[in-house]
Every structure is written in C-alpha cells, then in structure tokens.
file model-v1.tsv (TSV, N, CA and C atoms)
chain	number	residue	atom	x	y	z
A	14	MET	N	104.86	57.12	72.16
A	14	MET	CA	104.90	58.58	72.19
A	14	MET	C	106.00	59.03	73.14
A	15	SER	N	106.88	59.88	72.63
A	15	SER	CA	108.00	60.37	73.42
A	15	SER	C	107.53	61.47	74.35
A	16	SER	N	108.02	61.46	75.57
A	16	SER	CA	107.66	62.51	76.51
A	16	SER	C	108.87	63.39	76.81
A	17	GLN	N	109.94	63.23	76.04
A	17	GLN	CA	111.14	64.01	76.26
A	17	GLN	C	110.93	65.45	75.83
A	18	LYS	N	111.27	66.36	76.71
A	18	LYS	CA	111.15	67.79	76.42
A	18	LYS	C	112.51	68.30	75.94
A	19	ILE	N	112.45	69.19	74.95
A	19	ILE	CA	113.67	69.83	74.47
A	19	ILE	C	113.49	71.34	74.58
A	20	GLU	N	114.60	72.05	74.60
A	20	GLU	CA	114.53	73.51	74.65
A	20	GLU	C	114.65	74.05	73.24
A	21	LYS	N	113.79	75.01	72.91
A	21	LYS	CA	113.79	75.64	71.60
A	21	LYS	C	113.88	77.15	71.77
A	22	THR	N	114.46	77.79	70.78
A	22	THR	CA	114.51	79.25	70.73
A	22	THR	C	114.03	79.69	69.36
A	23	LEU	N	113.12	80.63	69.36
A	23	LEU	CA	112.67	81.27	68.13
A	23	LEU	C	113.12	82.73	68.19
A	24	HIS	N	113.66	83.22	67.08
A	24	HIS	CA	113.97	84.64	67.00
A	24	HIS	C	112.75	85.32	66.39
A	25	ILE	N	112.20	86.27	67.12
A	25	ILE	CA	110.96	86.94	66.73
A	25	ILE	C	111.28	88.35	66.24
A	26	GLU	N	110.81	88.69	65.06
A	26	GLU	CA	110.95	90.05	64.56
A	26	GLU	C	109.58	90.72	64.56
A	27	GLY	N	109.57	92.01	64.88
A	27	GLY	CA	108.33	92.75	64.90
A	27	GLY	C	107.89	93.16	66.30
A	28	MET	N	108.65	92.77	67.32
A	28	MET	CA	108.32	93.19	68.68
A	28	MET	C	108.97	94.54	68.95
A	29	SER	N	108.17	95.49	69.45
A	29	SER	CA	108.71	96.82	69.72
A	29	SER	C	108.44	97.32	71.14
A	30	CYS	N	107.65	96.55	71.91
A	30	CYS	CA	107.30	97.01	73.25
A	30	CYS	C	106.89	95.81	74.11
A	31	GLN	N	106.63	96.08	75.38
A	31	GLN	CA	106.23	95.01	76.30
A	31	GLN	C	104.87	94.42	75.94
A	32	ASN	N	104.01	95.20	75.31
A	32	ASN	CA	102.73	94.63	74.86
A	32	ASN	C	102.95	93.58	73.79
A	33	CYS	N	103.95	93.82	72.92
A	33	CYS	CA	104.29	92.82	71.91
A	33	CYS	C	104.79	91.53	72.58
A	34	VAL	N	105.61	91.70	73.60
A	34	VAL	CA	106.13	90.55	74.34
A	34	VAL	C	104.97	89.73	74.91
A	35	LYS	N	104.01	90.42	75.53
A	35	LYS	CA	102.85	89.74	76.11
A	35	LYS	C	102.05	89.02	75.03
A	36	ARG	N	101.89	89.68	73.87
A	36	ARG	CA	101.13	89.08	72.77
A	36	ARG	C	101.81	87.82	72.26
A	37	VAL	N	103.13	87.89	72.06
A	37	VAL	CA	103.88	86.72	71.58
A	37	VAL	C	103.76	85.58	72.58
A	38	LYS	N	103.91	85.89	73.86
A	38	LYS	CA	103.81	84.86	74.89
A	38	LYS	C	102.42	84.22	74.89
A	39	LYS	N	101.40	85.05	74.72
A	39	LYS	CA	100.02	84.54	74.69
A	39	LYS	C	99.80	83.64	73.47
A	40	ILE	N	100.31	84.05	72.32
A	40	ILE	CA	100.17	83.24	71.10
A	40	ILE	C	100.84	81.88	71.30
A	41	LEU	N	102.05	81.89	71.83
A	41	LEU	CA	102.77	80.63	72.05
A	41	LEU	C	102.08	79.77	73.11
A	42	ALA	N	101.52	80.41	74.13
A	42	ALA	CA	100.86	79.67	75.21
A	42	ALA	C	99.60	78.96	74.75
A	43	GLU	N	99.07	79.34	73.59
A	43	GLU	CA	97.91	78.63	73.06
A	43	GLU	C	98.24	77.18	72.75
A	44	ASP	N	99.51	76.90	72.50
A	44	ASP	CA	99.95	75.51	72.33
A	44	ASP	C	100.24	74.96	73.72
A	45	LYS	N	99.34	74.15	74.22
A	45	LYS	CA	99.42	73.67	75.60
A	45	LYS	C	100.62	72.75	75.86
A	46	SER	N	101.30	72.31	74.79
A	46	SER	CA	102.46	71.44	75.00
A	46	SER	C	103.73	72.23	75.32
A	47	LEU	N	103.68	73.55	75.15
A	47	LEU	CA	104.86	74.38	75.46
A	47	LEU	C	104.90	74.68	76.95
A	48	GLU	N	106.10	74.69	77.49
A	48	GLU	CA	106.30	74.99	78.91
A	48	GLU	C	107.42	76.01	79.06
A	49	ASN	N	107.42	76.72	80.18
A	49	ASN	CA	108.49	77.66	80.52
A	49	ASN	C	108.75	78.67	79.40
A	50	ILE	N	107.70	79.28	78.90
A	50	ILE	CA	107.83	80.24	77.81
A	50	ILE	C	108.39	81.55	78.36
A	51	GLU	N	109.49	81.98	77.79
A	51	GLU	CA	110.10	83.25	78.15
A	51	GLU	C	110.33	84.04	76.86
A	52	VAL	N	109.87	85.28	76.84
A	52	VAL	CA	110.03	86.13	75.66
A	52	VAL	C	110.80	87.37	76.09
A	53	ASP	N	111.88	87.68	75.37
A	53	ASP	CA	112.75	88.79	75.73
A	53	ASP	C	112.77	89.82	74.61
A	54	LEU	N	112.36	91.03	74.92
A	54	LEU	CA	112.29	92.10	73.92
A	54	LEU	C	113.68	92.48	73.42
A	55	ASP	N	114.65	92.59	74.33
A	55	ASP	CA	115.99	93.04	73.94
A	55	ASP	C	116.67	92.09	72.96
A	56	SER	N	116.59	90.80	73.22
A	56	SER	CA	117.24	89.82	72.34
A	56	SER	C	116.34	89.45	71.16
A	57	GLY	N	115.04	89.66	71.33
A	57	GLY	CA	114.09	89.26	70.31
A	57	GLY	C	113.84	87.76	70.28
A	58	ASN	N	114.19	87.10	71.37
A	58	ASN	CA	114.06	85.64	71.42
A	58	ASN	C	112.90	85.19	72.28
A	59	ALA	N	112.32	84.07	71.86
A	59	ALA	CA	111.33	83.36	72.66
A	59	ALA	C	111.91	81.98	72.94
A	60	ASN	N	112.08	81.66	74.20
A	60	ASN	CA	112.61	80.36	74.61
A	60	ASN	C	111.50	79.57	75.30
A	61	PHE	N	111.48	78.27	75.04
A	61	PHE	CA	110.47	77.43	75.66
A	61	PHE	C	110.90	75.97	75.59
A	62	HIS	N	110.25	75.14	76.38
A	62	HIS	CA	110.44	73.69	76.33
A	62	HIS	C	109.23	73.09	75.64
A	63	CYS	N	109.48	72.09	74.81
A	63	CYS	CA	108.41	71.45	74.08
A	63	CYS	C	108.78	70.00	73.79
A	64	GLN	N	107.82	69.25	73.26
A	64	GLN	CA	108.08	67.90	72.82
A	64	GLN	C	108.98	67.97	71.58
A	65	ALA	N	109.78	66.96	71.37
A	65	ALA	CA	110.67	66.92	70.21
A	65	ALA	C	109.89	66.99	68.90
A	66	ASP	N	108.66	66.49	68.90
A	66	ASP	CA	107.87	66.48	67.67
A	66	ASP	C	106.88	67.65	67.56
A	67	THR	N	107.05	68.69	68.37
A	67	THR	CA	106.19	69.87	68.29
A	67	THR	C	106.32	70.50	66.91
A	68	ASP	N	105.20	70.91	66.35
A	68	ASP	CA	105.17	71.51	65.02
A	68	ASP	C	105.59	72.98	65.12
A	69	ILE	N	106.88	73.23	64.98
A	69	ILE	CA	107.41	74.59	65.08
A	69	ILE	C	106.89	75.46	63.95
A	70	ALA	N	106.72	74.88	62.77
A	70	ALA	CA	106.19	75.64	61.64
A	70	ALA	C	104.80	76.19	61.95
A	71	ALA	N	103.99	75.44	62.68
A	71	ALA	CA	102.65	75.92	63.05
A	71	ALA	C	102.75	77.10	64.02
A	72	LEU	N	103.72	77.07	64.91
A	72	LEU	CA	103.93	78.19	65.83
A	72	LEU	C	104.33	79.44	65.05
A	73	ILE	N	105.22	79.26	64.09
A	73	ILE	CA	105.68	80.38	63.27
A	73	ILE	C	104.51	80.97	62.48
A	74	GLU	N	103.65	80.10	61.95
A	74	GLU	CA	102.46	80.56	61.21
A	74	GLU	C	101.50	81.32	62.13
A	75	ALA	N	101.33	80.83	63.36
A	75	ALA	CA	100.44	81.51	64.31
A	75	ALA	C	100.96	82.91	64.61
A	76	LEU	N	102.26	83.04	64.77
A	76	LEU	CA	102.85	84.36	65.01
A	76	LEU	C	102.68	85.27	63.80
A	77	LYS	N	102.81	84.70	62.61
A	77	LYS	CA	102.69	85.48	61.37
A	77	LYS	C	101.30	86.11	61.25
A	78	GLU	N	100.28	85.41	61.77
A	78	GLU	CA	98.91	85.94	61.72
A	78	GLU	C	98.79	87.26	62.48
A	79	TYR	N	99.72	87.51	63.42
A	79	TYR	CA	99.72	88.74	64.21
A	79	TYR	C	100.87	89.66	63.81
A	80	ASP	N	101.37	89.47	62.59
A	80	ASP	CA	102.41	90.33	62.02
A	80	ASP	C	103.78	90.23	62.70
A	81	PHE	N	104.04	89.09	63.33
A	81	PHE	CA	105.38	88.82	63.84
A	81	PHE	C	106.01	87.78	62.93
A	82	SER	N	107.29	87.93	62.64
A	82	SER	CA	107.97	86.88	61.88
A	82	SER	C	108.91	86.18	62.84
A	83	ALA	N	109.09	84.89	62.62
A	83	ALA	CA	109.92	84.09	63.52
A	83	ALA	C	110.72	83.07	62.73
A	84	LYS	N	111.88	82.75	63.27
A	84	LYS	CA	112.70	81.69	62.68
A	84	LYS	C	113.46	81.00	63.80
A	85	GLU	N	113.84	79.75	63.52
A	85	GLU	CA	114.59	78.99	64.52
A	85	GLU	C	116.03	79.42	64.52
call {"tool": "encode", "arguments": {"input": "model-v1.tsv", "output": "structure tokens"}}
result
Amino acid sequence: MSSQKIEKTLHIEGMSCQNCVKRVKKILAEDKSLENIEVDLDSGNANFHCQADTDIAALIEALKEYDFSAKE
C-alpha cells in the first residue's frame, strides 16, 4: 500500500457564498484520507492532499448529491 500523498485540485461549480464553501469542505472532509483541504470561492477550486489511489469519482459524486458539480 502506497503512502505517498499527491496534491489534487477540483473545480467546483455551484458555490455562491461562504456557506457553500463550508459545505464543500465538510463534504470533502468526510473522506478521512484527504488532508489540507482548502476551498476558495473566488477561484471555485478545492485543493487537497490525498493518496494517489483516492477515488476522485466518489468525491465528485458526493458533491453532486448536494447540487455541486466538480471536475478535475
């Protein structure tokens, strides 16, 4: 099992306020393997460190459940 962390950025659409930022951060934080989660309203980006084999598609699906769309 690899323990190497990589940096990922997701572009999030649907954020319009700081409450959205908090919600996105909370959704991503549910995946305990993510670290250093930063969500920026102005850029629409969520940056974080994760394992190379983290299921990014599952993160995107989790965000979709709350009406946010995301892409790498």
call {"tool": "atom_distance", "arguments": {"input": "model-v1.tsv", "atom1": "atom CA of Leu54 of chain A", "atom2": "atom CA of Leu76 of chain A"}}
result
15.1 Å
call {"tool": "select_by_dssp", "arguments": {"input": "model-v1.tsv", "residues": "chain A", "states": "helix (DSSP H, G or I)", "output": "list in words"}}
result
Gln31, Asn32, Cys33, Val34, Lys35, Arg36, Val37, Lys38, Lys39, Ile40, Leu41, Ala42, Ile69, Ala70, Ala71, Leu72, Ile73, Glu74, Ala75, Leu76 and Lys77 of chain A
call {"tool": "closest_residue", "arguments": {"input": "model-v1.tsv", "among": "A:Ile19, A:Leu47, A:Val52, A:Gln64", "to": "Lys35 of chain A", "atoms": "all atoms listed in the file"}}
result
A:Val52
call {"tool": "atom_distance", "arguments": {"input": "model-v1.tsv", "atom1": "atom CA of Asp80 of chain A", "atom2": "atom N of Asp55 of chain A"}}
result
17.5 Å
call {"tool": "atom_distance", "arguments": {"input": "model-v1.tsv", "atom1": "atom N of Ile73 of chain A", "atom2": "atom CA of Lys38 of chain A"}}
result
12.2 Å
call {"tool": "select_by_dssp", "arguments": {"input": "model-v1.tsv", "residues": "chain A", "states": "strand (DSSP E or B)", "output": "ChimeraX atom specification"}}
result
/A:18-26,48-53,58-64,82-84
call {"tool": "residues_near_point", "arguments": {"input": "model-v1.tsv", "point": "(112.2, 82.1, 64.7)", "cutoff": "6 Å", "atoms": "only C-alpha atoms", "output": "list in words"}}
result
Leu23, His24, Ile25, Ala83, Lys84 and Glu85 of chain A
call {"tool": "closest_residue", "arguments": {"input": "model-v1.tsv", "among": "A:His62, A:Gly57, A:Ile40, A:Asn49", "to": "Ala75 of chain A", "atoms": "only N, CA and C atoms"}}
result
A:Ile40
call {"tool": "closest_residue", "arguments": {"input": "model-v1.tsv", "among": "A:Ser56, A:Phe61, A:Gly27, A:Asp66", "to": "Ala42 of chain A", "atoms": "only C-alpha atoms"}}
result
A:Phe61
call {"tool": "closest_residue", "arguments": {"input": "model-v1.tsv", "among": "A:Ala59, A:Ala65, A:Ile50, A:Leu72", "to": "Met28 of chain A", "atoms": "only C-alpha atoms"}}
result
A:Ala59
call {"tool": "closest_residue", "arguments": {"input": "model-v1.tsv", "among": "A:Lys77, A:Lys18, A:Lys39, A:Lys45", "to": "Cys63 of chain A", "atoms": "all atoms listed in the file"}}
result
A:Lys18
call {"tool": "axis_aligned_box", "arguments": {"input": "model-v1.tsv", "around": "segment 39-54 of chain A", "padding_each_side": "5 Å", "output": "lines of an AutoDock Vina configuration file"}}
result
center_x = 105.8
center_y = 82.0
center_z = 75.8
size_x = 25.8
size_y = 31.0
size_z = 19.4
call {"tool": "decode", "arguments": {"input": "model-v1.tsv", "residues": "chain A", "atoms": "C-alpha atoms", "output": "compact mmCIF listing (two decimals), in the first residue's frame"}}
result
# COMPACT_ATOMS: atom_id res chain seq x y z
CA MET A 14 0.00 0.00 0.00
CA SER A 15 1.42 3.33 -1.10
CA SER A 16 1.52 6.11 1.46
CA GLN A 17 2.59 8.79 -1.00
CA LYS A 18 0.38 11.87 -0.89
CA ILE A 19 -0.35 13.87 -4.01
CA GLU A 20 -1.96 17.27 -4.43
CA LYS A 21 -5.28 17.42 -6.26
CA THR A 22 -7.49 20.27 -7.40
CA LEU A 23 -11.17 20.01 -8.16
CA HIS A 24 -13.02 22.84 -9.86
CA ILE A 25 -16.37 23.19 -8.10
CA GLU A 26 -19.39 24.79 -9.75
CA GLY A 27 -22.42 25.88 -7.77
CA MET A 28 -20.73 27.72 -4.90
CA SER A 29 -22.15 31.19 -4.38
CA CYS A 30 -21.28 32.10 -0.78
CA GLN A 31 -19.13 31.23 2.22
CA ASN A 32 -21.76 28.76 3.43
CA CYS A 33 -21.25 26.85 0.17
CA VAL A 34 -17.51 26.85 0.81
CA LYS A 35 -18.07 25.41 4.29
CA ARG A 36 -20.45 22.77 2.89
CA VAL A 37 -17.98 21.68 0.19
CA LYS A 38 -15.17 21.48 2.74
CA LYS A 39 -17.37 19.41 5.07
CA ILE A 40 -18.35 17.03 2.26
CA LEU A 41 -14.71 16.52 1.28
CA ALA A 42 -13.64 16.13 4.92
CA GLU A 43 -15.91 13.10 5.22
CA ASP A 44 -13.17 11.26 3.33
CA LYS A 45 -10.67 10.85 6.16
CA SER A 46 -7.80 10.23 3.72
CA LEU A 47 -7.90 13.85 2.50
CA GLU A 48 -5.61 16.36 4.17
CA ASN A 49 -5.07 20.13 3.96
CA ILE A 50 -8.44 20.80 2.33
CA GLU A 51 -8.71 24.38 1.10
CA VAL A 52 -11.80 25.65 -0.74
CA ASP A 53 -11.73 29.04 -2.46
CA LEU A 54 -14.95 30.75 -3.53
CA ASP A 55 -13.28 33.20 -5.94
CA SER A 56 -11.41 30.58 -7.97
CA GLY A 57 -14.03 27.88 -7.44
CA ASN A 58 -11.27 25.42 -6.58
CA ALA A 59 -10.89 22.85 -3.85
CA ASN A 60 -7.29 21.82 -3.21
CA PHE A 61 -6.25 18.93 -1.02
CA HIS A 62 -3.67 16.21 -0.49
CA CYS A 63 -4.70 12.59 -0.87
CA GLN A 64 -3.40 9.12 -1.61
CA ALA A 65 -2.61 8.50 -5.27
CA ASP A 66 -5.35 5.86 -5.36
CA THR A 67 -8.09 8.03 -3.80
CA ASP A 68 -11.40 7.57 -5.61
CA ILE A 69 -11.88 11.08 -7.03
CA ALA A 70 -15.04 9.98 -8.84
CA ALA A 71 -16.61 9.15 -5.46
CA LEU A 72 -15.77 12.64 -4.19
CA ILE A 73 -17.37 14.17 -7.28
CA GLU A 74 -20.49 12.03 -6.73
CA ALA A 75 -20.68 13.08 -3.06
CA LEU A 76 -20.58 16.73 -4.11
CA LYS A 77 -23.24 16.11 -6.76
CA GLU A 78 -25.62 14.89 -4.02
CA TYR A 79 -25.54 18.46 -2.67
CA ASP A 80 -26.02 20.10 -6.09
CA PHE A 81 -22.36 20.98 -6.65
CA SER A 82 -20.65 19.85 -9.82
CA ALA A 83 -16.94 19.17 -9.85
CA LYS A 84 -14.24 18.20 -12.30
CA GLU A 85 -10.51 17.64 -12.14
